[in-house]
Amino acid sequence: MVTRRRFLQGAAALTLLGGIDPRGTLAAPRGQGSAAALTGLAKNGVSRWVDVFVGTGGHGHTYPGASMPWGMVQLSPDTNDFGWDACSGYHQADGSIMGFSHTHLSGTGASDMLDVLVMPAQGEVLLDPGARGLPEENYYSRFDGAAHGPHLTANSEAHPGKGYRSRYDKASEQGVPGYYRVRLTDHDILAELTATLRAGLHRYTFARGGKAHLLVDLAHGYHDDPKVPCKVSDATLKLVGKDTLVGGRRVHQWANGRHIYFAMKLSRPFAQATLYSENQPLPSGTGEASGTHLKAALHLDDAGKAPLLVKVGISGVDIDGALRNLESELPGWDFEHVREAAAERWEAELSRIRIDTSSETAKRSFYSSLYHTMLAPTLFSDVDGRYRGMDLAVHQLPQGQHNYSTYSLWDTYRALHPLYTLYQPDKVPDLVNGLVRMAAESPDGPPVWPLQGVETGCMIGYHSAVVIAEAQAKGFTGIDYAKAWPIYRKRAFDDDYRGLPLYRKLGYIPADQEWESVSKTLEYSYDDWALSHLAERLGEKDDANRLRERSRNYRNVFDRKLTFMRPRDSRGRWIEPFDPREMGHFDKWRDFTESNPWVATFLNQHDLYGYMPMFGGVAAFERKLDELFTTSSKLPPGAPPDIAGMVGQYAHGNEPSHHVAYLYAYTGSHWKTQSRVRMLLETMYPPLPDGIAGNDDCGQMAAWYVLGALGLYAVDPVSTNYVFGSPLLDRAEVALGEGRKLVVETRGNGPGKAFIQSVTWNGKPWTRSWISHAELAAGGTLTFVMGDTPNRKFGAAPEDRPPSFGAMPEKGEA
């Protein structure tokens, strides 16, 4: 929850609508220092507005460490390695640091990774991390078999117990894009981190003289059960000379069976090295080890004589690939040069969108969000073009292409990928070709949630279809759409996949036959819509027609009497009793995916004009939409914590709600969209550790804010249209590539000025409440005149409403 004062300011635009009830708490701001001071950036660099600690508290699940845009390496501190709020490896509430590992997920609700942990220490070699320094019984609760951490105040005085963890000085903890530092207080060591695309660079300054060591824990990694460590097989460690350690492992967690390899070099020789298996030291002189639970201690005689630098390259292919990545990207030991190069790369990418606003809070929220849009997908190919595919075989890329991982597609198809088509158009073919390759290589078919060469199968639908269809509809070339089509056609028409045979046979998925049946029916309908566009463009007209008709299967789980989406059984009967706040009817499974009937009723993104008559007409649909935002925010016991950021039963913290505030544009009451969107922009994104409602989800939450602040949102990405919202900024300039730019400017904007009075496009009056991608991508100036009262005529005429599948119904059509 935002402060009372801030909340009331953000809510001012909703006085005409009522019904605001956001949830959550805000931790105290963390000092992250000046980006200009830490990186040497010019005072006008936009990177200074990025707060890398946004989302590291609450349930945002972000990490603060060093990475490059879309980098393979995410070098960051680990404060915990199990439990829901350890999904990124880091949480503000934890009292100690385990070490620094090289791979992390940003903002996810499920986890893995935390590969190749490095921890500097002095004194006795300790092989177990020890406790975090927090009362465990107060920290963990159970929910659906996963541990969830409540909001806590970190206790910096609590001792983590006997282990290699260290308490840390929170005042010393600072981070900016591409750089992180912290002082480990138990050993008085300053740790600094920076990164290239495929390698991490550590610098450790020991305040105390004498002997020290680096512990390298290859058994460390995320795990779901505190009593069961990270499941590892095929692990190896090998010492090479007196300054190099290499190794690799297979991990069997969320991405079951993924491969990861590393090569580590120290800036000066270690005096001695000991390898451990199952926490037992191997005989002196042992240079290689294999097993499932491996560690190494690399000893230094005089740690304090000079800072120790450690560089680590990683690869999904093999040790040779990790060495090649390391030698190619980090040939020397100039920490400052690497840090500056990372800062310059971040500045270049963040500067693709330059904004003006008098609100420093808005600048911090905007650029922190834009930063989060570039932490995933992540690079997953070596400098020589080799990569490990979804069949776990090693493949060679064509010259100039890259392979990527970490696609949270259930989330990111909604706003992140549409945002890329505007401000990262050069990356789109690389990212989409990667999805096509995955579909061809994977034994599981079209990618759903791929991570490091493994299909996790997380979430529902197969929304890689949407990302591919959107790119095709927007005219992106250099993508093998023809290669994709037969694979996705097989999924749509033939595969026995998660209820699809029932969906094809009955037109819906029965709740007594398949889990999350209602949500699956609705999301398969949208995938059908996306694939109908792909088929049409490729000349497959019969298939396109079948898919378009099937995309209206949402009708089969809509109860016209109650005007809610709801589950029905295999005999076609509505399942009773019914409560629109409930997640499902069975102890065995839910009927909805991280949502309930209130949210699912508005999940339709593509057929609004075919949908409204089912409510009784446009006016009835709009009344139902009003009720969503104004009804009680109470949720039933056991509701997923992802359902957060509540405004009525609208849940901004979870993705199925993200397009809903924009649906008023389709009813002709666009002023309500303006009011709702402005309230969400102003209240759901404070730039604080607990500033994200729910998980950031690989940049989807962040992308919603970036697009919304620009006054745009893609309700139906495949349509290639953006619906206007309520632009938050005074001016924004978006670099579109090839010298083109989009300028979005506002006049008369400010607190309480949420309402569009008029719009011009390239100086000419614009009455529509939407604009096409083709128009924006050609470049131009979009000007909004804002005010404190609604202009109810703007976007009200049928011809000014966004296009959608089907004919527009009359206002009172039954």
# chains A, B, ... in the order shown; residues from 1 in each chain; ligands from 1

$ residues_around --residues "segment 716-732 of chain A" --least-positions-apart "2" --cutoff "6 Å" --atoms "only C-alpha atoms" --output "list in words"
Arg354, Ile355, Asp356, Thr357, Glu470, Gln605, His606, Gln674, Arg678, Ala709, Leu710, Gly711, Leu712, Tyr713, Ala714, Val743, Val744, Glu745, Thr746, Ala754, Ser769, Trp770, Ile771, Ser772 and His773 of chain A

$ select_by_dssp --residues "segment 642-773 of chain A" --states "alpha helix (DSSP H)" --output "mmCIF file with N, CA and C atoms, in the first residue's frame"
data_model
loop_
_atom_site.group_PDB
_atom_site.id
_atom_site.type_symbol
_atom_site.label_atom_id
_atom_site.label_comp_id
_atom_site.auth_asym_id
_atom_site.auth_seq_id
_atom_site.Cartn_x
_atom_site.Cartn_y
_atom_site.Cartn_z
ATOM 1 N N TYR A 664 -12.948 -0.092 -21.439
ATOM 2 C CA TYR A 664 -13.944 0.970 -21.584
ATOM 3 C C TYR A 664 -13.844 1.654 -22.950
ATOM 4 N N ALA A 665 -12.676 1.616 -23.570
ATOM 5 C CA ALA A 665 -12.544 2.227 -24.895
ATOM 6 C C ALA A 665 -13.496 1.586 -25.891
ATOM 7 N N TYR A 666 -13.784 0.291 -25.703
ATOM 8 C CA TYR A 666 -14.642 -0.443 -26.639
ATOM 9 C C TYR A 666 -16.119 -0.151 -26.394
ATOM 10 N N THR A 667 -16.443 0.425 -25.228
ATOM 11 C CA THR A 667 -17.840 0.785 -24.948
ATOM 12 C C THR A 667 -18.136 2.233 -25.304
ATOM 13 N N HIS A 670 -14.373 6.071 -23.023
ATOM 14 C CA HIS A 670 -12.922 6.042 -22.865
ATOM 15 C C HIS A 670 -12.452 6.850 -21.661
ATOM 16 N N TRP A 671 -13.212 7.816 -21.220
ATOM 17 C CA TRP A 671 -12.815 8.613 -20.055
ATOM 18 C C TRP A 671 -12.642 7.746 -18.826
ATOM 19 N N LYS A 672 -13.366 6.639 -18.757
ATOM 20 C CA LYS A 672 -13.197 5.736 -17.618
ATOM 21 C C LYS A 672 -11.870 4.988 -17.703
ATOM 22 N N THR A 673 -11.479 4.604 -18.907
ATOM 23 C CA THR A 673 -10.135 4.036 -19.078
ATOM 24 C C THR A 673 -9.089 5.032 -18.600
ATOM 25 N N GLN A 674 -9.217 6.286 -18.994
ATOM 26 C CA GLN A 674 -8.248 7.305 -18.605
ATOM 27 C C GLN A 674 -8.127 7.397 -17.085
ATOM 28 N N SER A 675 -9.263 7.409 -16.420
ATOM 29 C CA SER A 675 -9.264 7.552 -14.969
ATOM 30 C C SER A 675 -8.674 6.332 -14.276
ATOM 31 N N ARG A 676 -9.095 5.163 -14.702
ATOM 32 C CA ARG A 676 -8.577 3.930 -14.083
ATOM 33 C C ARG A 676 -7.075 3.791 -14.308
ATOM 34 N N VAL A 677 -6.636 4.000 -15.530
ATOM 35 C CA VAL A 677 -5.219 3.804 -15.852
ATOM 36 C C VAL A 677 -4.349 4.789 -15.085
ATOM 37 N N ARG A 678 -4.778 6.064 -15.007
ATOM 38 C CA ARG A 678 -3.977 7.043 -14.277
ATOM 39 C C ARG A 678 -3.856 6.640 -12.801
ATOM 40 N N MET A 679 -4.942 6.196 -12.208
ATOM 41 C CA MET A 679 -4.885 5.765 -10.817
ATOM 42 C C MET A 679 -3.890 4.625 -10.633
ATOM 43 N N LEU A 680 -3.917 3.641 -11.550
ATOM 44 C CA LEU A 680 -3.007 2.500 -11.438
ATOM 45 C C LEU A 680 -1.554 2.938 -11.617
ATOM 46 N N LEU A 681 -1.302 3.819 -12.567
ATOM 47 C CA LEU A 681 0.053 4.314 -12.786
ATOM 48 C C LEU A 681 0.580 5.023 -11.546
ATOM 49 N N GLU A 682 -0.273 5.782 -10.876
ATOM 50 C CA GLU A 682 0.174 6.601 -9.755
ATOM 51 C C GLU A 682 0.224 5.858 -8.434
ATOM 52 N N THR A 683 -0.465 4.740 -8.313
ATOM 53 C CA THR A 683 -0.525 4.074 -7.008
ATOM 54 C C THR A 683 0.141 2.708 -6.960
ATOM 55 N N GLN A 700 7.043 -8.058 -17.281
ATOM 56 C CA GLN A 700 5.689 -7.753 -17.722
ATOM 57 C C GLN A 700 5.054 -6.632 -16.894
ATOM 58 N N MET A 701 5.176 -6.718 -15.562
ATOM 59 C CA MET A 701 4.640 -5.633 -14.739
ATOM 60 C C MET A 701 5.288 -4.310 -15.119
ATOM 61 N N ALA A 702 6.586 -4.348 -15.338
ATOM 62 C CA ALA A 702 7.329 -3.143 -15.702
ATOM 63 C C ALA A 702 6.886 -2.603 -17.056
ATOM 64 N N ALA A 703 6.703 -3.495 -18.025
ATOM 65 C CA ALA A 703 6.301 -3.066 -19.365
ATOM 66 C C ALA A 703 4.927 -2.415 -19.347
ATOM 67 N N TRP A 704 4.032 -2.903 -18.488
ATOM 68 C CA TRP A 704 2.710 -2.272 -18.364
ATOM 69 C C TRP A 704 2.878 -0.814 -17.987
ATOM 70 N N TYR A 705 3.769 -0.549 -17.053
ATOM 71 C CA TYR A 705 3.970 0.832 -16.619
ATOM 72 C C TYR A 705 4.582 1.678 -17.739
ATOM 73 N N VAL A 706 5.588 1.163 -18.401
ATOM 74 C CA VAL A 706 6.255 1.926 -19.459
ATOM 75 C C VAL A 706 5.261 2.300 -20.548
ATOM 76 N N LEU A 707 4.507 1.323 -21.035
ATOM 77 C CA LEU A 707 3.511 1.628 -22.065
ATOM 78 C C LEU A 707 2.445 2.571 -21.534
ATOM 79 N N GLY A 708 1.973 2.310 -20.309
ATOM 80 C CA GLY A 708 0.929 3.157 -19.737
ATOM 81 C C GLY A 708 1.375 4.590 -19.556
ATOM 82 N N ALA A 709 2.631 4.785 -19.126
ATOM 83 C CA ALA A 709 3.140 6.143 -18.957
ATOM 84 C C ALA A 709 3.221 6.884 -20.289
ATOM 85 N N HIS A 773 0.000 0.271 -34.855
ATOM 86 C CA HIS A 773 1.446 0.120 -34.758
ATOM 87 C C HIS A 773 2.127 0.712 -35.994
#

$ closest_residue --among "A:Ser106, A:Thr456, A:Ser408, A:Thr79" --to "Tyr371 of chain A" --atoms "only C-alpha atoms"
A:Ser106

$ closest_atom_pairs --of "segment 583-616 of chain A" --to "segment 554-563 of chain A" --cutoff "8 Å" --atoms "only C-alpha atoms" --output "tab-separated table"
residue	atom	partner	partner_atom	distance
A:Thr601	CA	A:Phe558	CA	7.8
A:Asn604	CA	A:Tyr554	CA	7.6
A:Tyr611	CA	A:Arg555	CA	7.9
A:Met614	CA	A:Arg560	CA	6.0
A:Phe615	CA	A:Thr563	CA	5.9

$ closest_residue --among "A:Leu330, A:Val647, A:Val759, A:Ala297" --to "Asn791 of chain A" --atoms "only C-alpha atoms"
A:Val759
